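Novice: Have a look at this one before I ask anything.
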Amino acid sequence: MVWAAGIKGPELLKNLEGLEVNRINQLIVDDHLKTSRDANIYALGDCAQCEWGSKKGFVPPRAQAAHQQASYLYRLLTRQLDGATVGPFKYRDFGSLVSLGRQSAVGNLMGGVIGGNMFIEGLIARVMYRSLYQMHMLALHGWVKMVLDWISHSLRRATEPHVKLH
Ligand SMILES: Cc1cc2nc3c(=O)[nH]c(=O)nc-3n(C[C@H](O)[C@H](O)[C@H](O)COP(=O)(O)OP(=O)(O)OC[C@H]3O[C@@H](n4cnc5c(N)ncnc54)[C@H](O)[C@@H]3O)c2cc1C
């Protein structure tokens, strides 16, 4: 089964006085993530529409984009406080992975990782998907919680039924 969903920002964003939004309620930002009508307000992640720069279109609403923008904004704001400037935000696409259940996944790795665009599938893609998930857990919760989550996930997998019983 393939499930697809679009995204839309909450109505709240449309009603922030004076700030410009697109038709899906994303705040329009420039290449320094400043909102178009107020340079003192920044937006990042899914709620922002940011030009891709090197490519046509906009930075995609993905976790890796939100993460890169968060790191960028942290650098920009701290350096600005020291009176320094920072160049524009540049999105680096490391590729996409889609989980296809327990045994498989598909995806593509982009230039930043392997120096070209490469399609991957099967167990390799699955292992990469799982590793990325563990890295996210590590970043969010630290080693102890990450290891506990991994153990509990493995135990659950071994004991839970493969079909819904009732
Ligand atoms: C089912 C699903 C699968 C996905 N899979 C992938 C994937 O495999 N790879 C990938 O790169 N991306 C994936 N994404 C996209 C990814 O989750 C988002 O791009 C990413 O989380 C955006 O981060 P963000 O910080 O901008 O927003 P969010 O992570 O959505 O964080 C926004 C936060 O704001 C809070 N919030 C909302 N309204 C208010 C309010 N009024 N007041 C206070 N707080 C509020 C929310 O509770 C939330 O915690 C997936 C998304 C979905 C829905």
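Residues in the structure tokens are numbered from 1 in each chain, the chains being A, B, ... in the order shown, and ligands are numbered from 1 in the order shown.
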Counting only C-alpha atoms and all ligand atoms, what residues are within 6 Å of ligand 1, given as a ChimeraX atom specification?

Specialist: /A:45-47,61-64,66

Novice: Write out as a PyMOL selection string the residues lying within 12 Å of Tyr74 (chain A), counting only C-alpha atoms and excluding same-chain residues fewer than 5 positions away.

Specialist: chain A and resi 32-33+42+44+67-69+79-81+86+89

Novice: Atoms to include: C-alpha atoms. Write the selected residues as a PDB file, in the first residue's frame.

Specialist:
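Contents of the output file out-v3.pdb:
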ATOM      1  CA  HIS A  32      18.769  34.026   4.979  1.00  0.00           C
ATOM      2  CA  LEU A  33      15.422  32.587   6.204  1.00  0.00           C
ATOM      3  CA  TYR A  42      12.824  34.125  10.703  1.00  0.00           C
ATOM      4  CA  LEU A  44      12.375  27.414   8.996  1.00  0.00           C
ATOM      5  CA  HIS A  67      17.586  20.138  10.375  1.00  0.00           C
ATOM      6  CA  GLN A  68      19.939  22.002   8.027  1.00  0.00           C
ATOM      7  CA  GLN A  69      17.946  25.210   8.405  1.00  0.00           C
ATOM      8  CA  ARG A  79      27.295  35.243  14.661  1.00  0.00           C
ATOM      9  CA  GLN A  80      24.956  38.200  14.212  1.00  0.00           C
ATOM     10  CA  LEU A  81      25.094  38.816  17.958  1.00  0.00           C
ATOM     11  CA  VAL A  86      26.777  34.756   7.411  1.00  0.00           C
ATOM     12  CA  PHE A  89      21.383  29.235   3.349  1.00  0.00           C
TER      13      PHE A  89
END

Novice: Per DSSP on the backbone, filter region 14-116 of chain A down to the residues in alpha helix (DSSP H) and report them as a ChimeraX atom specification.

Specialist: /A:14,63-81,111-114

Novice: Those selected residues, please, written with C-alpha atoms and delivered as a compact mmCIF listing (two decimals), in the first residue's frame.

Specialist:
# COMPACT_ATOMS: atom_id res chain seq x y z
CA LYS A 14 -2.03 33.10 7.58
CA ALA A 63 13.34 16.52 8.08
CA GLN A 64 16.82 16.93 6.57
CA ALA A 65 15.86 20.42 5.30
CA ALA A 66 14.44 21.47 8.68
CA HIS A 67 17.59 20.14 10.37
CA GLN A 68 19.94 22.00 8.03
CA GLN A 69 17.95 25.21 8.41
CA ALA A 70 18.00 24.90 12.20
CA SER A 71 21.80 24.50 12.19
CA TYR A 72 22.10 27.42 9.77
CA LEU A 73 19.88 29.70 11.86
CA TYR A 74 21.79 28.84 15.02
CA ARG A 75 25.04 29.86 13.30
CA LEU A 76 23.49 32.98 11.76
CA LEU A 77 21.91 34.26 14.97
CA THR A 78 24.94 33.63 17.18
CA ARG A 79 27.30 35.24 14.66
CA GLN A 80 24.96 38.20 14.21
CA LEU A 81 25.09 38.82 17.96
CA GLY A 111 25.85 13.82 -4.87
CA GLY A 112 26.83 14.93 -1.39
CA VAL A 113 27.11 11.31 -0.25
CA ILE A 114 28.57 9.34 -3.15

Novice: When DSSP works through the backbone of this structure, what residues of region 55-160 of chain A end up as strand (DSSP E or B), shown as a PyMOL selection string?

Specialist: chain A and resi 58+95-99+105-109+118-121

Novice: Go ahead and save the residues from that selection, with C-alpha atoms, as a short mmCIF file (atom, residue, chain, number, x, y, z; two decimals), in the first residue's frame.

Specialist:
data_model
loop_
_atom_site.label_atom_id
_atom_site.label_comp_id
_atom_site.auth_asym_id
_atom_site.auth_seq_id
_atom_site.Cartn_x
_atom_site.Cartn_y
_atom_site.Cartn_z
CA PHE A 58 11.69 25.39 -3.23
CA GLY A 95 18.74 11.85 -0.98
CA SER A 96 15.58 10.09 0.12
CA LEU A 97 14.71 6.74 1.60
CA VAL A 98 11.25 5.17 1.75
CA SER A 99 10.59 2.25 4.08
CA ALA A 105 13.26 0.05 1.41
CA VAL A 106 14.00 2.09 -1.70
CA GLY A 107 15.72 5.38 -2.16
CA ASN A 108 18.31 7.46 -3.87
CA LEU A 109 21.56 8.87 -2.56
CA MET A 118 22.49 6.44 -7.10
CA PHE A 119 19.32 4.40 -6.72
CA ILE A 120 19.37 1.87 -3.88
CA GLU A 121 16.86 -0.76 -2.80
#

Novice: Any idea what the distance is between CA of Gly6 (chain A) and CA of Asn25 (chain A)?

Specialist: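 Going from CA of Gly6 (chain A) over to CA of Asn25 (chain A), I get 12.7 Å.
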
Novice: What does the structure give for the distance between CA of Val21 (chain A) and CA of Ala48 (chain A), in Å to one decimal?

Specialist: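 Going from CA of Val21 (chain A) over to CA of Ala48 (chain A) covers 8.6 Å.
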
Novice: Hey, can you check how far CA of Val29 (chain A) sits from CA of Gln49 (chain A)?

Specialist: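 CA of Gln49 (chain A) lies 6.0 Å from CA of Val29 (chain A).
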
Novice: For Glu11 (chain A), work out the shell of residues within 12 Å, counting only C-alpha atoms and skipping chain neighbours fewer than 2 positions away, then give it as a list of chain:residue names.

Specialist: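 In the requested form, the answer reads A:Lys8, A:Gly9, A:Leu13, A:Lys14, A:Asn15, A:Leu16, A:Val21, A:Asn22, A:Arg23, A:Ile24, A:Asn25, A:Gln26, A:Leu27, A:Cys47.
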
Novice: Got a sec: who's within 7 Å of region 101-104 of chain A, counting only C-alpha atoms, leaving out chain neighbours fewer than 2 positions off, as a ChimeraX atom specification?

Specialist: /A:99,122-123,125-126

Novice: Would you write out those residues with C-alpha atoms, as an mmCIF file, in the first residue's frame?

Specialist:
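Result file follows (part16.cif):
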data_model
loop_
_atom_site.group_PDB
_atom_site.id
_atom_site.type_symbol
_atom_site.label_atom_id
_atom_site.label_comp_id
_atom_site.auth_asym_id
_atom_site.auth_seq_id
_atom_site.Cartn_x
_atom_site.Cartn_y
_atom_site.Cartn_z
ATOM 1 C CA SER A 99 10.595 2.253 4.084
ATOM 2 C CA GLY A 122 16.374 -3.927 -0.774
ATOM 3 C CA LEU A 123 18.351 -4.816 2.300
ATOM 4 C CA ALA A 125 18.371 0.590 1.652
ATOM 5 C CA ARG A 126 16.608 -0.957 4.642
#
